[in-house]
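Shown next: start-v5.csv, containing CSV, C-alpha atoms.
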chain,number,residue,atom,x,y,z
A,1,MET,CA,78.0,61.7,116.9
A,2,ILE,CA,77.7,63.1,120.4
A,3,ASN,CA,75.1,65.7,121.0
A,4,PRO,CA,77.0,69.0,121.7
A,5,GLU,CA,74.6,70.0,124.4
A,6,PHE,CA,75.2,66.7,126.2
A,7,LEU,CA,78.9,67.3,125.9
A,8,ASN,CA,78.6,70.8,127.3
A,9,THR,CA,76.6,69.5,130.3
A,10,TYR,CA,79.2,66.7,130.8
A,11,LEU,CA,82.1,69.1,130.9
A,12,LEU,CA,80.2,71.3,133.4
A,13,SER,CA,79.5,68.2,135.4
A,14,ILE,CA,83.2,67.3,135.5
A,15,VAL,CA,84.0,70.8,136.9
A,16,ILE,CA,81.3,70.6,139.5
A,17,PHE,CA,82.2,67.1,140.6
A,18,SER,CA,85.9,68.0,140.7
A,19,LEU,CA,84.9,70.9,143.0
A,20,LEU,CA,83.1,68.5,145.3
A,21,LEU,CA,86.1,66.2,145.4
A,22,ASN,CA,88.3,69.1,146.1
A,23,THR,CA,86.2,70.0,149.1
A,24,ALA,CA,86.5,66.4,150.4
A,25,LEU,CA,90.3,66.3,149.9
A,26,ALA,CA,90.7,69.7,151.6
A,27,LEU,CA,88.6,68.6,154.6
A,28,TYR,CA,90.7,65.4,154.7
A,29,GLY,CA,93.9,67.5,154.7
A,30,ILE,CA,92.6,69.8,157.4
A,31,PHE,CA,91.7,67.0,159.8
A,32,TYR,CA,94.3,64.3,159.1
A,33,LYS,CA,97.5,66.0,157.9
A,34,PRO,CA,99.8,66.4,160.9
A,35,HIS,CA,101.8,69.4,159.6
A,36,TYR,CA,100.6,72.9,160.4
A,37,ILE,CA,101.5,74.4,157.0
A,38,LYS,CA,99.7,71.6,155.2
A,39,LYS,CA,96.6,72.3,157.3
A,40,VAL,CA,96.8,76.0,156.3
A,41,ILE,CA,97.2,75.1,152.6
A,42,CYS,CA,94.2,72.8,152.8
A,43,LEU,CA,92.2,75.5,154.5
A,44,THR,CA,92.9,77.9,151.6
A,45,ILE,CA,92.0,75.2,149.0
A,46,LEU,CA,88.7,74.7,150.9
A,47,SER,CA,87.9,78.4,150.9
A,48,ASP,CA,88.8,78.8,147.2
A,49,THR,CA,86.6,75.8,146.3
A,50,ALA,CA,83.7,77.4,148.2
A,51,ASN,CA,84.3,80.7,146.4
A,52,THR,CA,84.2,78.9,143.0
A,53,PHE,CA,80.8,77.4,144.0
A,54,ALA,CA,79.6,80.9,144.8
A,55,ILE,CA,80.8,82.3,141.4
A,56,TYR,CA,79.0,79.3,139.8
A,57,ILE,CA,75.7,80.4,141.4
A,58,GLY,CA,75.8,83.6,139.5
A,59,TYR,CA,76.6,82.0,136.1
A,60,ARG,CA,74.3,82.1,133.0
A,61,ARG,CA,73.7,79.3,130.5
A,62,TRP,CA,75.7,79.5,127.3
A,63,LEU,CA,73.8,79.0,124.0
A,64,ASN,CA,75.6,77.9,120.8
A,65,ASP,CA,73.6,80.2,118.5
A,66,GLY,CA,75.8,83.1,119.6
A,67,THR,CA,73.0,85.3,120.7
A,68,ILE,CA,73.1,85.6,124.5
A,69,ASN,CA,76.6,84.4,125.4
A,70,PRO,CA,77.3,85.5,128.9
A,71,ARG,CA,79.7,88.4,129.5
A,72,PRO,CA,81.4,89.8,132.6
A,73,PRO,CA,79.3,92.5,134.4
A,74,VAL,CA,81.3,95.4,133.1
A,75,LEU,CA,79.9,97.9,130.6
A,76,PRO,CA,82.3,98.2,127.7
A,77,THR,CA,81.6,101.9,127.2
A,78,THR,CA,80.8,104.9,129.2
A,79,GLU,CA,78.6,106.4,126.4
A,80,VAL,CA,75.4,104.6,127.5
A,81,SER,CA,72.4,104.4,125.2
A,82,PRO,CA,69.2,102.3,125.7
A,83,GLY,CA,70.5,99.8,123.2
A,84,VAL,CA,73.8,99.3,125.0
A,85,LEU,CA,72.0,98.9,128.3
A,86,SER,CA,69.5,96.3,127.1
A,87,GLN,CA,72.3,94.3,125.5
A,88,PHE,CA,74.2,94.5,128.7
A,89,LEU,CA,71.2,93.3,130.7
A,90,ALA,CA,70.7,90.4,128.3
A,91,ARG,CA,74.3,89.2,128.5
A,92,ALA,CA,75.9,90.1,131.8
A,93,VAL,CA,76.2,87.5,134.6
A,94,ASP,CA,75.1,88.2,138.2
A,95,PRO,CA,77.6,90.6,139.8
A,96,LEU,CA,76.5,89.9,143.4
A,97,PRO,CA,78.3,86.6,143.9
A,98,GLN,CA,81.5,88.1,142.5
A,99,ALA,CA,81.3,91.0,144.9
A,100,LEU,CA,80.6,88.6,147.8
A,101,VAL,CA,83.6,86.4,146.7
A,102,LEU,CA,85.8,89.5,146.6
A,103,THR,CA,84.9,90.1,150.3
A,104,ALA,CA,85.4,86.4,151.1
A,105,VAL,CA,88.9,86.5,149.5
A,106,VAL,CA,90.0,89.5,151.5
A,107,ILE,CA,88.8,88.0,154.8
A,108,GLY,CA,90.3,84.6,153.9
A,109,LEU,CA,93.6,86.4,153.2
A,110,ALA,CA,93.4,88.2,156.6
A,111,VAL,CA,92.8,84.8,158.3
A,112,THR,CA,95.7,83.3,156.4
A,113,VAL,CA,98.0,86.1,157.4
A,114,PHE,CA,97.0,85.6,161.1
A,115,LEU,CA,97.5,81.8,160.8
A,116,ILE,CA,101.0,82.3,159.3
A,117,PHE,CA,102.0,84.6,162.1
A,118,LEU,CA,100.6,82.0,164.6
A,119,GLY,CA,102.6,79.3,162.9
A,120,HIS,CA,105.8,81.4,163.0
A,121,GLN,CA,105.3,81.9,166.7
A,122,LEU,CA,104.5,78.2,167.2
A,123,TYR,CA,107.8,77.3,165.5
A,124,LEU,CA,109.8,79.8,167.6
A,125,HIS,CA,108.1,78.4,170.8
A,126,TYR,CA,108.3,74.6,170.1
A,127,GLY,CA,110.9,74.2,167.4
A,128,THR,CA,108.5,72.2,165.3
A,129,LEU,CA,105.3,72.5,163.3
A,130,ASP,CA,104.2,68.9,163.5
A,131,MET,CA,101.0,68.9,165.5
A,132,ARG,CA,101.6,65.4,166.9
A,133,ARG,CA,104.9,66.5,168.5
A,134,ILE,CA,103.4,69.8,169.7
A,135,ARG,CA,100.7,67.9,171.4
A,136,LYS,CA,103.2,65.6,173.2
A,137,LEU,CA,105.1,68.6,174.5
A,138,LYS,CA,102.2,69.7,176.6
A,139,GLY,CA,103.2,73.3,176.9
B,1,MET,CA,103.2,52.5,139.7
B,2,ARG,CA,101.0,52.9,142.7
B,3,SER,CA,100.8,56.6,142.3
B,4,LEU,CA,99.8,56.2,138.7
B,5,PHE,CA,97.1,53.8,139.8
B,6,LYS,CA,95.8,56.3,142.3
B,7,ILE,CA,95.7,59.1,139.7
B,8,LEU,CA,93.9,56.9,137.2
B,9,LEU,CA,91.4,56.0,140.0
B,10,ILE,CA,90.7,59.6,140.8
B,11,ILE,CA,90.3,60.5,137.1
B,12,PHE,CA,87.8,57.6,136.6
B,13,VAL,CA,85.8,58.5,139.7
B,14,VAL,CA,85.6,62.1,138.6
B,15,LEU,CA,84.5,61.2,135.0
B,16,GLY,CA,82.1,58.5,136.2
B,17,PHE,CA,80.3,60.6,138.8
B,18,SER,CA,80.2,63.5,136.3
B,19,LEU,CA,78.4,61.2,133.9
B,20,LEU,CA,75.9,60.5,136.6
B,21,LEU,CA,75.5,64.3,137.3
B,22,THR,CA,75.0,64.9,133.6
B,23,LEU,CA,72.1,62.6,133.6
B,24,ALA,CA,70.6,64.6,136.5
B,25,SER,CA,71.6,67.9,134.9
B,26,GLU,CA,68.2,69.5,134.9
B,27,TYR,CA,68.6,70.3,138.6
B,28,PHE,CA,71.8,72.3,138.6
B,29,ILE,CA,72.8,73.8,135.3
B,30,PRO,CA,72.5,77.6,135.4
B,31,GLY,CA,69.4,79.2,133.9
B,32,MET,CA,69.2,81.6,131.0
B,33,GLU,CA,68.1,84.5,133.3
B,34,VAL,CA,69.8,86.0,136.3
B,35,ARG,CA,67.9,86.8,139.5
B,36,PRO,CA,65.7,90.0,139.7
B,37,LEU,CA,68.2,91.5,142.2
B,38,ALA,CA,71.0,91.1,139.7
B,39,ILE,CA,68.8,92.7,137.0
B,40,PHE,CA,68.4,95.7,139.4
B,41,TYR,CA,72.2,96.0,140.0
B,42,LEU,CA,73.0,95.6,136.3
B,43,SER,CA,70.5,98.1,135.1
B,44,THR,CA,71.4,100.8,137.6
B,45,THR,CA,75.2,100.6,137.7
B,46,LEU,CA,75.6,103.3,134.9
B,47,ASN,CA,72.2,104.6,134.0
B,48,PRO,CA,71.8,108.3,133.1
B,49,TRP,CA,68.0,108.0,133.1
B,50,MET,CA,67.8,107.0,136.7
B,51,GLN,CA,70.1,109.6,138.4
B,52,ASN,CA,68.6,108.8,141.9
B,53,LEU,CA,69.5,105.2,141.8
B,54,THR,CA,72.7,104.8,139.7
B,55,ALA,CA,76.3,104.4,141.1
B,56,ASN,CA,77.7,105.9,137.8
B,57,SER,CA,80.2,103.2,137.4
B,58,PRO,CA,80.4,100.8,134.4
B,59,GLU,CA,81.9,98.1,136.7
B,60,ALA,CA,79.0,96.5,138.5
B,61,VAL,CA,81.1,94.5,141.0
B,62,THR,CA,82.9,97.7,142.2
B,63,ALA,CA,79.6,99.5,142.4
B,64,ILE,CA,78.3,96.7,144.6
B,65,VAL,CA,81.4,96.5,146.7
B,66,TRP,CA,81.8,100.2,147.5
B,67,ASP,CA,78.3,101.6,146.9
B,68,TYR,CA,75.4,99.3,147.3
B,69,ARG,CA,77.1,97.1,150.0
B,70,GLY,CA,79.6,99.7,151.2
B,71,LEU,CA,79.2,98.9,154.9
B,72,ASP,CA,80.0,95.2,154.2
B,73,THR,CA,83.3,96.2,152.6
B,74,LEU,CA,84.1,98.6,155.5
B,75,PHE,CA,83.8,95.7,158.0
B,76,GLU,CA,85.8,93.5,155.7
B,77,THR,CA,88.6,96.1,155.7
B,78,ALA,CA,88.3,96.2,159.5
B,79,VAL,CA,88.8,92.4,159.6
B,80,PHE,CA,91.9,92.7,157.5
B,81,TYR,CA,93.2,95.4,159.8
B,82,LEU,CA,92.5,93.5,163.0
B,83,ALA,CA,94.2,90.4,161.6
B,84,LEU,CA,97.3,92.4,160.9
B,85,ILE,CA,97.1,94.0,164.4
B,86,ALA,CA,96.9,90.4,165.8
B,87,GLY,CA,99.9,89.4,163.7
B,88,ILE,CA,101.9,92.3,164.8
B,89,SER,CA,101.1,91.7,168.5
B,90,LEU,CA,102.0,88.0,168.0
B,91,ALA,CA,105.4,89.1,166.5
B,92,ARG,CA,106.0,91.4,169.4
B,93,GLY,CA,108.9,89.5,170.9
B,94,ILE,CA,110.9,89.7,167.7
B,95,SER,CA,113.6,92.3,167.5
B,96,LEU,CA,115.8,93.0,164.5
B,97,LYS,CA,119.4,91.8,164.5
B,98,ALA,CA,122.0,94.5,164.0
B,99,ASN,CA,122.7,95.5,160.4
B,100,PRO,CA,125.6,93.3,159.1
B,101,GLY,CA,127.2,96.3,157.4
B,102,LYS,CA,127.1,95.3,153.8
B,103,GLU,CA,123.8,94.6,151.9
B,104,GLY,CA,123.5,91.0,150.7
B,105,GLY,CA,121.1,89.7,148.1
B,106,LEU,CA,121.3,87.9,144.8
B,107,SER,CA,123.5,88.5,141.8
B,108,VAL,CA,123.9,91.8,139.8
B,109,ILE,CA,121.8,90.4,136.9
B,110,VAL,CA,118.8,89.7,139.2
B,111,LYS,CA,119.1,93.0,140.9
B,112,SER,CA,119.2,94.9,137.5
B,113,VAL,CA,116.2,93.1,136.2
B,114,THR,CA,114.3,93.8,139.5
B,115,LYS,CA,115.2,97.5,139.2
B,116,ILE,CA,113.6,97.6,135.8
B,117,THR,CA,110.5,95.6,136.6
B,118,ALA,CA,109.7,97.1,140.0
B,119,PRO,CA,108.4,100.4,138.6
B,120,MET,CA,106.4,98.5,136.0
B,121,ILE,CA,104.7,96.3,138.6
B,122,ILE,CA,103.9,99.4,140.6
B,123,ALA,CA,102.4,101.0,137.5
B,124,VAL,CA,100.3,97.9,136.8
B,125,GLY,CA,99.1,97.8,140.4
B,126,ALA,CA,98.2,101.5,140.4
B,127,SER,CA,96.3,101.1,137.1
B,128,ILE,CA,94.4,98.1,138.5
B,129,GLY,CA,93.5,100.1,141.6
B,130,LEU,CA,92.8,103.5,140.1
B,131,HIS,CA,90.7,102.1,137.2
B,132,GLY,CA,88.8,99.9,139.5
B,133,HIS,CA,85.5,101.7,138.8
B,134,LEU,CA,86.0,101.3,135.0
B,135,THR,CA,87.6,97.9,134.5
B,136,PRO,CA,87.7,94.7,136.6
B,137,GLY,CA,89.9,95.2,139.6
B,138,GLY,CA,89.8,97.6,142.5
B,139,GLY,CA,91.6,98.9,145.5
B,140,PHE,CA,92.3,95.5,147.1
B,141,GLN,CA,93.7,93.9,143.9
B,142,GLY,CA,95.8,96.9,143.1
B,143,GLY,CA,97.2,97.1,146.6
B,144,ALA,CA,98.0,93.4,146.6
B,145,THR,CA,99.8,93.8,143.3
B,146,ILE,CA,101.9,96.7,144.6
B,147,ALA,CA,102.8,94.7,147.7
B,148,VAL,CA,104.6,92.2,145.5
B,149,ILE,CA,107.4,94.8,145.2
B,150,PRO,CA,108.6,94.8,148.9
B,151,LEU,CA,108.6,91.0,148.9
B,152,LEU,CA,110.6,90.9,145.7
B,153,ILE,CA,113.1,93.5,147.1
B,154,ILE,CA,113.4,91.6,150.4
B,155,ILE,CA,114.4,88.4,148.4
B,156,VAL,CA,116.6,90.1,145.8
B,157,PHE,CA,118.3,92.8,147.7
B,158,SER,CA,117.9,91.8,151.4
B,159,ILE,CA,115.6,93.3,154.0
B,160,TYR,CA,118.2,95.9,155.1
B,161,TYR,CA,117.9,97.6,151.7
B,162,LEU,CA,114.2,98.3,152.5
B,163,LEU,CA,114.8,99.3,156.1
B,164,ASN,CA,117.6,101.7,155.1
B,165,ARG,CA,115.2,103.4,152.8
B,166,ARG,CA,112.7,104.0,155.6
B,167,VAL,CA,110.3,101.2,154.6
B,168,THR,CA,110.0,100.2,158.2
B,169,LYS,CA,107.2,98.7,160.2
B,170,GLU,CA,106.3,102.0,161.9
B,171,ASN,CA,106.2,104.0,158.6
B,172,MET,CA,104.1,101.4,156.9
B,173,LEU,CA,101.7,101.3,159.9
B,174,MET,CA,101.4,105.1,159.5
B,175,LEU,CA,100.7,104.8,155.8
B,176,ARG,CA,98.1,102.1,156.5
B,177,SER,CA,96.4,104.3,159.0
B,178,ILE,CA,96.3,107.2,156.5
B,179,GLY,CA,94.6,104.8,154.1
B,180,LEU,CA,92.0,103.7,156.7
B,181,VAL,CA,91.4,107.3,157.8
B,182,GLY,CA,90.8,108.2,154.1
B,183,ILE,CA,88.3,105.4,153.8
B,184,GLY,CA,86.5,106.7,156.9
B,185,VAL,CA,86.5,110.3,155.8
B,186,THR,CA,85.2,109.3,152.3
B,187,ALA,CA,82.4,107.3,153.9
B,188,LEU,CA,81.4,110.3,156.1
B,189,ALA,CA,82.1,113.1,153.6
B,190,ALA,CA,78.5,113.3,152.1
B,191,PHE,CA,77.0,113.1,155.6
B,192,LEU,CA,79.2,115.9,157.0
B,193,THR,CA,78.6,118.0,153.9
B,194,GLY,CA,74.9,117.5,154.5
B,195,LEU,CA,75.2,118.6,158.1
B,196,VAL,CA,77.0,121.8,157.0
B,197,LEU,CA,74.6,122.6,154.2
B,198,GLY,CA,71.6,121.8,156.3
B,199,GLU,CA,70.4,119.0,153.9
B,200,SER,CA,69.7,115.4,154.8
B,201,ALA,CA,72.4,113.0,153.7
B,202,TYR,CA,73.5,109.5,154.5
B,203,VAL,CA,76.7,107.8,155.6
B,204,PHE,CA,78.2,106.0,152.6
B,205,GLN,CA,76.2,108.1,150.2
B,206,ASN,CA,77.6,108.4,146.7
B,207,MET,CA,75.2,110.0,144.3
B,208,ALA,CA,72.2,112.1,145.1
B,209,LYS,CA,69.2,110.2,146.5
B,210,PRO,CA,65.5,111.1,146.2
B,211,THR,CA,65.5,112.3,149.8
B,212,SER,CA,68.9,114.0,149.8
B,213,PRO,CA,70.5,116.2,147.1
B,214,VAL,CA,74.1,115.9,148.4
B,215,THR,CA,76.3,114.2,145.7
B,216,PHE,CA,79.8,113.3,144.9
B,217,PRO,CA,81.0,114.4,141.5
B,218,ALA,CA,80.5,111.7,138.9
B,219,THR,CA,83.0,113.2,136.5
B,220,LEU,CA,86.0,115.3,137.2
B,221,ASN,CA,87.3,117.5,134.3
B,222,GLY,CA,85.4,115.3,131.8
B,223,PHE,CA,86.7,112.0,133.2
B,224,LEU,CA,84.3,109.5,134.9
B,225,ILE,CA,85.5,109.0,138.5
B,226,SER,CA,82.2,107.5,139.7
B,227,GLY,CA,82.0,109.7,142.8
B,228,SER,CA,83.2,108.1,146.0
B,229,LEU,CA,84.2,104.8,144.3
B,230,TRP,CA,87.5,106.3,143.0
B,231,PHE,CA,88.4,107.6,146.5
B,232,PHE,CA,87.6,104.3,148.2
B,233,ASN,CA,89.7,102.4,145.7
B,234,PHE,CA,92.6,104.8,146.1
B,235,PHE,CA,92.7,104.7,149.9
B,236,GLU,CA,92.0,100.9,150.0
B,237,MET,CA,95.0,100.5,147.6
B,238,ILE,CA,97.3,102.4,150.0
B,239,ALA,CA,96.0,100.6,153.1
B,240,VAL,CA,96.3,97.1,151.5
B,241,ALA,CA,99.8,97.7,150.0
B,242,ALA,CA,101.1,99.0,153.3
B,243,GLY,CA,99.4,96.3,155.3
B,244,PHE,CA,100.9,93.5,153.3
B,245,THR,CA,104.3,95.2,153.4
B,246,ILE,CA,104.1,95.1,157.3
B,247,ALA,CA,103.3,91.3,157.2
B,248,PHE,CA,106.2,90.6,154.8
B,249,LEU,CA,108.6,92.7,156.9
B,250,LEU,CA,107.7,91.0,160.1
B,251,LEU,CA,107.8,87.5,158.6
B,252,THR,CA,111.2,88.0,157.1
B,253,TYR,CA,112.9,89.8,160.0
B,254,PRO,CA,116.3,88.1,160.6
B,255,SER,CA,115.3,88.0,164.2
B,256,ARG,CA,116.3,86.9,167.6
B,257,SER,CA,113.5,86.3,170.0
B,258,GLU,CA,113.2,87.9,173.4
B,259,GLY,CA,115.7,86.8,176.1
B,260,GLU,CA,118.1,85.2,173.6
B,261,GLU,CA,121.8,85.8,174.0
B,262,LYS,CA,123.0,88.8,172.0
Could you take the file, read its structure, and then write that structure out as structure tokens?
Amino acid sequence: MINPEFLNTYLLSIVIFSLLLNTALALYGIFYKPHYIKKVICLTILSDTANTFAIYIGYRRWLNDGTINPRPPVLPTTEVSPGVLSQFLARAVDPLPQALVLTAVVIGLAVTVFLIFLGHQLYLHYGTLDMRRIRKLKG
Amino acid sequence: MRSLFKILLIIFVVLGFSLLLTLASEYFIPGMEVRPLAIFYLSTTLNPWMQNLTANSPEAVTAIVWDYRGLDTLFETAVFYLALIAGISLARGISLKANPGKEGGLSVIVKSVTKITAPMIIAVGASIGLHGHLTPGGGFQGGATIAVIPLLIIIVFSIYYLLNRRVTKENMLMLRSIGLVGIGVTALAAFLTGLVLGESAYVFQNMAKPTSPVTFPATLNGFLISGSLWFFNFFEMIAVAAGFTIAFLLLTYPSRSEGEEK
């Protein structure tokens, strides 16, 4: 019989290691894939992986006895009493990484919009989005 | 066969290294407690006993985004705006081909379904944006949801359907500017009110502070609107929806570039 706590940690480790591998694959794609659109896709994968790491920083450990399972940082009611507030404090995860990731998502989207326009313009200018061919054109 | 081998290899590497990480788990698994800063944010987000510190919003993330770290979000909006300006100026050489006369698009079935779902998507986007201070979501997410509609209409009905109904680049730019001016005015509102009343007040002030009594209304007609947060979300929603519409319009213009034969 496997210890459930060990299994929990193992599942979490799979997530974290997959994120690390994701980072490596995205970097590989950015540096070695010759097509412009593939580079942009890999850049978005890289930024999303980094955002997932940031969310993970604010996470709270889950206990199986059902007492302090983590909750999103949203109060379920507007009728606040001291009991509701202390329960909220005991359960909610850290909201700051989520707010920072929200900012990062918007800025990442802005960069992506700009890169897409740039790619569109590159295509109109050179007739291709293959970086090897664009380099040979010397224009 | 080779791709199957590759996938199996990746799966085994992930599982194996995860096992190693599990054995070293003491160093990275999250703790039971959150940081003291998070405790502060969580305990003041809606707290009637600390009226000088609270943001009066049950949604801690929105409270951080538009109240505690409002300047951060203002510059983020500026980055988004500048990226769109850069995109528009890159697309400057593009001019629209003449209207072909009849509107194209997909079949009648797809058009009818789109006509039914479009108002629903707009309603969902508006509720995400306007309830941003109560539930997860906010101006940016709501605006991005609403911006799905122009893209859907461009694909299903053709771009001329939008352009004939005055959803043009210029009009969307104006709508976007209205949203940004609204964000700026909301940020300055408490400060300007303080100047008029002769009280001290801050830029980006939401609720009354110990050093300044100027305050946004926390409730309007009995409904919690969390002061400036509702206005920020509303204007951000307009700005983001219009901004994405500009990007989609420019990227799908059936264009000829400058100097090409007519």
Just checking: using all atoms listed in the file, which residue out of B:Gly198, B:Gly182, B:Gly243, B:Gly129 ends up closest to chain A?
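With all atoms listed in the file as the atom set, the closest residue is B:Gly243.
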Proximity check chain B to chain A, 6 Å, nearest pairs one decimal Å, only C-alpha atoms, as CSV:
residue,atom,partner,partner_atom,distance
B:Ser18,CA,A:Ser13,CA,4.8
B:Leu21,CA,A:Ser13,CA,5.9
B:Thr22,CA,A:Tyr10,CA,5.4
B:Pro30,CA,A:Arg61,CA,5.3
B:Gly31,CA,A:Arg61,CA,5.5
B:Met32,CA,A:Arg61,CA,5.1
B:Ala38,CA,A:Asp94,CA,5.2
B:Pro58,CA,A:Leu75,CA,4.8
B:Glu59,CA,A:Val74,CA,4.5
B:Ala60,CA,A:Pro73,CA,5.7
B:Val61,CA,A:Ala99,CA,5.2
B:Val65,CA,A:Ala99,CA,5.8
B:Phe80,CA,A:Ala110,CA,4.8
B:Ala83,CA,A:Ala110,CA,5.5
B:Gly87,CA,A:Phe114,CA,5.4
Selection near segment 171-177 of chain B, 7 Å with only C-alpha atoms, sequence-local residues under 2 positions removed, as a list in words:
Val167, Thr168, Lys169, Gly179, Leu180, Val181, Ile238, Ala239, Ala242, Gly243 and Ile246 of chain B
Just want the 12 Å neighbourhood of Lys111 of chain B, counted on all atoms listed in the file, with same-chain residues fewer than 3 positions away dropped. Output as a list in words.
Gly104, Gly105, Leu106, Ser107, Val108, Thr114, Lys115, Ile116, Thr117, Ala118, Leu152, Ile153, Ile154, Ile155, Val156, Phe157, Ser158 and Tyr161 of chain B
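Residues in contact with segment 33-40 of chain A at 10 Å, where all atoms listed in the file are counted and same-chain residues fewer than 5 positions away are skipped, are listed as Ala26, Leu27, Tyr28, Ile45, Leu46, Val111, Thr112, Leu115, Ile116, Gly119, Leu122, Tyr123, Thr128, Leu129, Asp130, Met131, Arg132 and Arg133 of chain A.
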In Å, rounded to a single decimal, give me how far atom CA of Phe140 of chain B is from atom CA of Ile39 of chain B.
25.7 Å
Kindly give the distance, in Å, that separates atom CA of Leu134 of chain B and atom CA of Ser57 of chain B, rounded to a single decimal.
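Value for the atom CA of Leu134 of chain B-atom CA of Ser57 of chain B distance: 6.6 Å.
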Interatomic distance between atom CA of Leu43 of chain A and atom CA of Ala24 of chain A?
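According to the coordinates, atom CA of Leu43 of chain A and atom CA of Ala24 of chain A are separated by 11.5 Å.
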What box, with edges along x, y and z, holds each listed atom of segment 90-105 of chain A when 5 Å is added on every side, and can you state its centre and edge lengths in Å to one decimal, as JSON?
{"center_x": 79.8, "center_y": 88.7, "center_z": 139.7, "size_x": 28.2, "size_y": 14.6, "size_z": 32.8}
Tell me, as a PyMOL selection string, which residues lie within 7 Å of segment 205-208 of chain B, counting all atoms listed in the file; anything in the same chain fewer than 3 positions away does not count.
chain B and resi 52+55+67+190+202+212-216+227-228
